[in-house]
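Visitor: This is the content of start26.cif (mmCIF, C-alpha atoms):
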data_final
loop_
_atom_site.label_atom_id
_atom_site.label_comp_id
_atom_site.auth_asym_id
_atom_site.auth_seq_id
_atom_site.Cartn_x
_atom_site.Cartn_y
_atom_site.Cartn_z
CA MET A 1 111.16 82.12 90.83
CA LYS A 2 108.19 84.34 91.42
CA TYR A 3 106.13 85.64 88.53
CA ILE A 4 103.27 88.09 88.50
CA MET A 5 100.36 87.53 86.10
CA MET A 6 98.43 90.76 85.62
CA MET A 7 94.98 91.26 84.16
CA HIS A 8 94.57 94.76 82.72
CA CYS A 9 91.45 96.39 81.39
CA PRO A 10 90.28 99.70 79.93
CA LYS A 11 88.30 102.14 82.07
CA THR A 12 85.02 100.50 81.03
CA GLY A 13 86.31 96.95 81.55
CA TYR A 14 84.28 96.24 84.67
CA GLU A 15 81.02 97.39 83.04
CA SER A 16 81.64 95.17 80.00
CA PHE A 17 82.30 92.21 82.25
CA GLY A 18 79.27 92.95 84.41
CA SER A 19 77.00 93.16 81.38
CA MET A 20 77.53 89.47 80.60
CA PRO A 21 74.60 87.15 81.41
CA LYS A 22 74.54 86.07 85.06
CA GLU A 23 75.10 82.46 84.11
CA ASP A 24 78.30 83.37 82.26
CA ILE A 25 79.58 85.39 85.22
CA ARG A 26 78.84 82.47 87.54
CA ARG A 27 80.73 80.07 85.26
CA HIS A 28 83.67 82.48 85.13
CA HIS A 29 83.77 82.65 88.94
CA GLU A 30 83.73 78.89 89.25
CA PHE A 31 86.62 78.63 86.83
CA MET A 32 88.66 81.18 88.79
CA HIS A 33 87.94 79.45 92.09
CA SER A 34 89.06 76.09 90.77
CA PHE A 35 92.11 77.68 89.09
CA ASN A 36 93.10 79.24 92.44
CA LYS A 37 92.57 75.94 94.20
CA LYS A 38 94.76 74.09 91.70
CA LEU A 39 97.55 76.64 92.21
CA GLN A 40 97.30 76.18 95.96
CA GLN A 41 97.33 72.39 95.74
CA ALA A 42 100.35 72.47 93.41
CA GLY A 43 102.25 74.74 95.81
CA GLU A 44 102.46 77.41 93.11
CA TRP A 45 100.24 79.96 94.83
CA VAL A 46 101.86 83.01 96.48
CA SER A 47 99.15 85.64 96.47
CA ALA A 48 96.34 87.12 94.40
CA GLU A 49 94.30 90.27 94.69
CA GLY A 50 91.51 91.96 92.82
CA LEU A 51 91.22 95.72 92.60
CA ALA A 52 88.19 97.96 92.84
CA THR A 53 86.83 99.63 89.68
CA PRO A 54 88.95 102.07 87.65
CA GLN A 55 86.42 104.77 88.65
CA SER A 56 87.71 104.45 92.21
CA ALA A 57 91.31 105.09 91.15
CA LYS A 58 93.10 108.27 92.19
CA ARG A 59 96.44 109.67 91.13
CA VAL A 60 98.26 111.09 94.13
CA ARG A 61 101.28 113.37 94.42
CA ALA A 62 102.78 115.35 97.25
CA ARG A 63 102.28 119.11 97.24
CA GLU A 64 105.17 121.38 98.24
CA ASP A 65 104.16 120.99 101.89
CA GLY A 66 103.94 117.21 101.59
CA THR A 67 100.13 116.98 101.72
CA PRO A 68 98.42 114.80 99.12
CA ASP A 69 97.20 116.29 95.87
CA THR A 70 94.64 113.84 94.42
CA ASP A 71 93.29 113.67 90.90
CA GLY A 72 90.91 111.17 89.30
CA VAL A 73 91.56 112.01 85.66
CA PHE A 74 93.42 109.49 83.52
CA PRO A 75 94.08 109.39 79.78
CA GLU A 76 91.45 107.46 77.78
CA SER A 77 94.09 105.01 76.62
CA LYS A 78 95.08 104.05 80.16
CA GLU A 79 95.07 100.40 81.11
CA PHE A 80 93.98 99.67 84.67
CA LEU A 81 95.18 96.72 86.70
CA ALA A 82 92.09 94.62 87.40
CA GLY A 83 93.79 91.94 89.43
CA TYR A 84 96.85 89.74 89.63
CA TRP A 85 98.30 86.46 90.77
CA ILE A 86 101.83 85.91 92.04
CA VAL A 87 102.99 82.34 91.47
CA GLU A 88 106.10 80.40 92.50
CA VAL A 89 107.35 78.43 89.50
CA LYS A 90 110.54 76.77 88.24
CA SER A 91 110.69 78.54 84.87
CA PRO A 92 109.15 81.41 82.90
CA GLU A 93 107.59 78.77 80.61
CA ARG A 94 105.59 77.41 83.53
CA ALA A 95 104.39 80.94 84.32
CA TYR A 96 103.32 81.35 80.67
CA GLU A 97 101.44 78.02 80.84
CA LEU A 98 99.58 79.14 83.93
CA ALA A 99 98.84 82.51 82.34
CA ALA A 100 97.43 80.71 79.29
CA GLN A 101 95.16 78.69 81.59
CA ALA A 102 93.86 81.84 83.23
CA SER A 103 93.53 83.48 79.81
CA ALA A 104 91.15 80.72 78.71
CA ALA A 105 88.67 81.52 81.52
CA PRO A 106 85.11 81.18 80.20
CA GLY A 107 83.38 84.34 79.01
CA VAL A 108 80.20 84.88 77.00
CA GLY A 109 78.38 81.60 76.38
CA GLY A 110 81.15 79.75 78.21
CA LYS A 111 83.59 80.35 75.35
CA PRO A 112 87.25 80.90 76.37
CA MET A 113 87.96 84.61 76.72
CA ASN A 114 91.59 84.17 75.64
CA MET A 115 92.39 87.55 77.19
CA TRP A 116 95.97 88.83 77.33
CA LEU A 117 97.79 88.72 80.65
CA GLU A 118 101.04 90.52 81.32
CA VAL A 119 103.64 88.24 82.90
CA ARG A 120 106.82 89.46 84.59
CA GLU A 121 109.26 88.20 87.17
CA VAL A 122 108.88 89.54 90.69
CA LEU A 123 112.23 90.53 92.16
CA CYS A 124 113.17 89.55 95.69
CA ALA A 125 114.67 92.98 96.20
CA PRO A 126 112.54 96.10 96.41
CA PRO A 127 111.91 97.82 93.06
CA GLU A 128 114.51 100.50 93.61
CA GLN A 129 117.29 97.90 93.56
CA ALA A 130 116.41 96.80 90.03
CA GLY A 131 119.03 97.23 87.36
CA MET B 1 90.38 98.70 104.26
CA LYS B 2 93.17 97.62 102.00
CA TYR B 3 94.58 99.97 99.36
CA MET B 4 97.09 99.32 96.62
CA LEU B 5 99.66 102.03 95.85
CA LEU B 6 101.00 101.51 92.34
CA MET B 7 104.23 102.97 91.00
CA GLN B 8 104.10 102.99 87.23
CA GLY B 9 106.13 104.37 84.38
CA THR B 10 106.66 104.24 80.64
CA LYS B 11 109.80 102.69 79.15
CA ALA B 12 111.23 106.21 78.92
CA ASP B 13 110.75 106.65 82.69
CA PHE B 14 112.60 103.40 83.33
CA GLU B 15 115.45 104.48 81.03
CA TRP B 16 115.72 107.76 82.94
CA TYR B 17 115.80 105.84 86.22
CA ALA B 18 118.59 103.59 84.93
CA LYS B 19 120.77 106.70 84.55
CA TRP B 20 120.56 107.79 88.18
CA SER B 21 123.80 108.08 90.09
CA LYS B 22 124.57 105.53 92.79
CA GLU B 23 124.05 108.17 95.49
CA ASP B 24 120.61 109.02 94.15
CA LEU B 25 119.65 105.33 93.98
CA MET B 26 120.88 104.75 97.53
CA ALA B 27 118.99 107.76 98.86
CA ASN B 28 115.83 106.52 97.15
CA MET B 29 116.29 102.98 98.47
CA ASN B 30 116.88 104.16 102.01
CA PHE B 31 113.77 106.28 101.82
CA MET B 32 111.69 103.28 100.68
CA ARG B 33 113.12 101.08 103.43
CA THR B 34 112.35 103.66 106.09
CA LEU B 35 108.82 104.06 104.78
CA SER B 36 108.26 100.28 104.83
CA LYS B 37 109.54 100.11 108.38
CA GLU B 38 107.31 102.96 109.52
CA LEU B 39 104.29 101.31 107.91
CA LYS B 40 105.14 98.05 109.65
CA ASP B 41 105.53 99.79 113.01
CA ALA B 42 102.16 101.48 112.48
CA GLY B 43 100.50 98.15 111.61
CA GLN B 44 99.62 99.47 108.13
CA PHE B 45 101.97 97.30 106.08
CA VAL B 46 100.51 94.39 104.11
CA GLU B 47 102.85 93.72 101.20
CA THR B 48 105.33 95.31 98.84
CA ARG B 49 106.77 93.90 95.63
CA GLY B 50 109.14 95.07 92.96
CA LEU B 51 108.87 93.83 89.41
CA ALA B 52 111.51 93.04 86.79
CA TRP B 53 112.13 95.62 84.08
CA PRO B 54 109.64 96.19 81.25
CA SER B 55 112.06 94.59 78.76
CA GLU B 56 111.27 91.28 80.48
CA ALA B 57 107.51 91.67 80.30
CA LYS B 58 105.51 89.31 78.12
CA LEU B 59 101.92 89.31 77.05
CA VAL B 60 100.46 85.82 77.25
CA ARG B 61 97.16 84.37 76.16
CA ALA B 62 95.79 80.95 75.33
CA GLY B 63 95.72 79.83 71.71
CA LYS B 64 92.89 77.71 70.34
CA ASP B 65 94.54 74.56 71.72
CA GLY B 66 95.05 76.20 75.11
CA ALA B 67 98.84 76.49 74.63
CA PRO B 68 100.39 79.86 75.49
CA ILE B 69 100.91 82.49 72.81
CA THR B 70 103.50 85.04 73.97
CA ASP B 71 104.21 88.49 72.65
CA GLY B 72 106.67 91.11 73.85
CA VAL B 73 105.44 94.14 71.94
CA PHE B 74 103.76 96.94 73.90
CA PRO B 75 102.57 100.37 72.80
CA GLU B 76 105.00 103.23 73.54
CA SER B 77 102.40 104.82 75.81
CA LYS B 78 102.10 101.75 78.02
CA GLU B 79 102.64 102.34 81.70
CA PHE B 80 104.47 99.44 83.28
CA LEU B 81 104.03 98.56 86.91
CA ALA B 82 107.40 99.05 88.61
CA GLY B 83 106.28 98.01 92.05
CA TYR B 84 103.52 98.36 94.58
CA TRP B 85 102.61 98.58 98.23
CA ILE B 86 99.43 97.25 99.82
CA VAL B 87 98.48 99.07 103.02
CA GLU B 88 95.77 98.48 105.59
CA VAL B 89 94.27 101.81 106.64
CA ALA B 90 91.07 103.19 108.13
CA SER B 91 90.21 105.51 105.24
CA ALA B 92 91.08 106.48 101.68
CA GLU B 93 92.55 109.76 103.01
CA GLU B 94 95.04 107.78 105.06
CA ALA B 95 96.08 105.86 101.92
CA TYR B 96 96.46 109.15 99.99
CA LYS B 97 98.72 110.53 102.72
CA ILE B 98 101.01 107.51 102.45
CA ALA B 99 100.95 107.79 98.65
CA ALA B 100 101.94 111.46 98.91
CA ARG B 101 104.94 110.53 101.05
CA LEU B 102 105.91 107.84 98.55
CA SER B 103 105.56 110.30 95.71
CA ALA B 104 108.01 112.62 97.47
CA ALA B 105 110.76 109.97 97.52
CA PRO B 106 114.10 111.50 96.60
CA GLY B 107 114.73 111.28 92.85
CA GLY B 108 117.61 111.42 90.44
CA GLY B 109 118.55 115.05 90.93
CA LYS B 110 114.91 116.02 90.42
CA ASP B 111 112.67 117.79 92.87
CA ARG B 112 110.48 115.86 95.25
CA GLY B 113 106.89 115.06 94.48
CA THR B 114 107.41 114.31 90.81
CA MET B 115 106.19 110.71 90.85
CA PRO B 116 102.42 110.18 90.70
CA ILE B 117 101.12 107.16 92.61
CA GLU B 118 97.89 105.43 91.60
CA VAL B 119 95.77 104.45 94.58
CA ARG B 120 92.89 102.00 94.47
CA PRO B 121 90.99 99.87 97.00
CA VAL B 122 91.83 96.17 96.99
CA THR B 123 88.73 94.00 97.05
CA SER B 124 88.65 90.69 98.85
CA GLY B 125 88.72 88.05 96.17
CA MET B 126 88.66 88.48 92.42
CA PRO B 127 87.44 91.85 91.12
CA GLU B 128 84.45 90.44 89.27
CA GLU B 129 83.01 89.13 92.51
CA LYS B 130 82.24 92.71 93.45
CA LEU B 131 79.91 93.16 90.52
#
In structure tokens, what does this structure look like?
Guide:
Amino acid sequence: MKYIMMMHCPKTGYESFGSMPKEDIRRHHEFMHSFNKKLQQAGEWVSAEGLATPQSAKRVRAREDGTPDTDGVFPESKEFLAGYWIVEVKSPERAYELAAQASAAPGVGGKPMNMWLEVREVLCAPPEQAG
Amino acid sequence: MKYMLLMQGTKADFEWYAKWSKEDLMANMNFMRTLSKELKDAGQFVETRGLAWPSEAKLVRAGKDGAPITDGVFPESKEFLAGYWIVEVASAEEAYKIAARLSAAPGGGKDRGTMPIEVRPVTSGMPEEKL
């Protein structure tokens, strides 16, 4: 079974993270690298990506003639996807365990951040076949 | 450059989608398949995934002992990721054009161009490494 583990953040999430002391950011990176490595060694790794800042996000729709209409305004309450992992696991419980590990990534002063991650199964079929 | 095209919706959007007729669902699916194929032929396709329904989503974080704490309660306003595409294109404008086409996918009796697509660059590695 494939599960996606998503890290969300508010619009200012990247600034808050970037304002941590350099040493804390370095420690956080090291943790993430070794977490990724462990997933790969355990054969649980499928893919992972990080996204650019929320400020770079655009909302796009087609105009009547099919050309893109772009807009960069989002509601204040909007959560932005900061990054995700897709893992191959035997059960949802294993996905939750892995999410808990990622959640405990070190933050300020090396203390576990214990951030929330959203975890959901990835379907084999394209999204439009759901339900 | 890699861009992520995110399809998102509130629970209400998903409930509306669940009521589509079979014909509407098929038309939508065929559209998505054709788009994927065209992106592949153009060498712009990287990845597409569809996620399970919001009712299956869990929030997970580490407790003090590192064990997972799970929660299934989300605010009404929450936008859930339904699925995404990652495309490899030469410019943001190219990504917006593809997003506009995606946004104009045939819907459940509704007019085209009703679905906004969020578009953001994908960074290589974890997002915080860009800071």
Visitor: Name the residues that the PyMOL selection byres ((chain A) within 6 of (chain B)) pulls out of this structure, and write them as a list in words.
Guide: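 With the shown file as input, the PyMOL selection byres ((chain A) within 6 of (chain B)) matches Gly50, Leu51, Ala52, Ala57, Lys58, Arg59, Val60, Arg61, Ala62, Pro68, Glu97, Ala100, Ser103, Ala104, Asn114, Met115, Trp116, Leu117, Glu118, Val119, Arg120, Glu121, Val122, Leu123, Pro126, Pro127 and Glu128 of chain A.
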Visitor: Have a look at CA of Glu38 (chain B) and CA of Ile4 (chain A) and let me know their distance in Å, one decimal.
Guide: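 About the pair CA of Glu38 (chain B) and CA of Ile4 (chain A): they are 26.1 Å apart.
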Visitor: Determine, counting only C-alpha atoms, which protein, DNA and RNA residues have an atom within 9 Å of an atom of region 7-9 of chain A; residues of the same chain fewer than 2 positions away are not included. Present the result as a ChimeraX atom specification.
Guide: /A:5,11-14,54,78-85,115-118
Visitor: Choose the residue, out of B:Gly107, B:Pro75, B:Ala90, B:Asp41, that has the smallest atom-to-atom separation from Glu23 (chain B); count only C-alpha atoms.
Guide: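 Under the stated criterion, the closest residue is B:Gly107.
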Visitor: To verify the selection step, state as a VMD selection string which residues the PyMOL selection byres ((chain A and resi 110) around 9) yields on this input.
Guide: chain A and resid 23 to 24 27 to 28 105 to 109 111 to 113
Visitor: Any idea what the distance is between CA of Val89 (chain A) and CA of Glu49 (chain A)?
Guide: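 These atoms are spaced 18.4 Å apart.
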Visitor: Pick out the closest residue to Thr10 (chain B) from this set: B:Phe45, B:Phe31, B:Trp85, B:Phe74. Count all atoms listed in the file.
Guide: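 When distances to Thr10 (chain B) are compared using all atoms listed in the file, the smallest one comes from B:Phe74.
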Visitor: Report the distance between CA of Gln40 (chain A) and CA of Ile25 (chain A) in Å, rounded to one decimal place.
Guide: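 We find that CA of Gln40 (chain A) and CA of Ile25 (chain A) lie 22.7 Å from each other.
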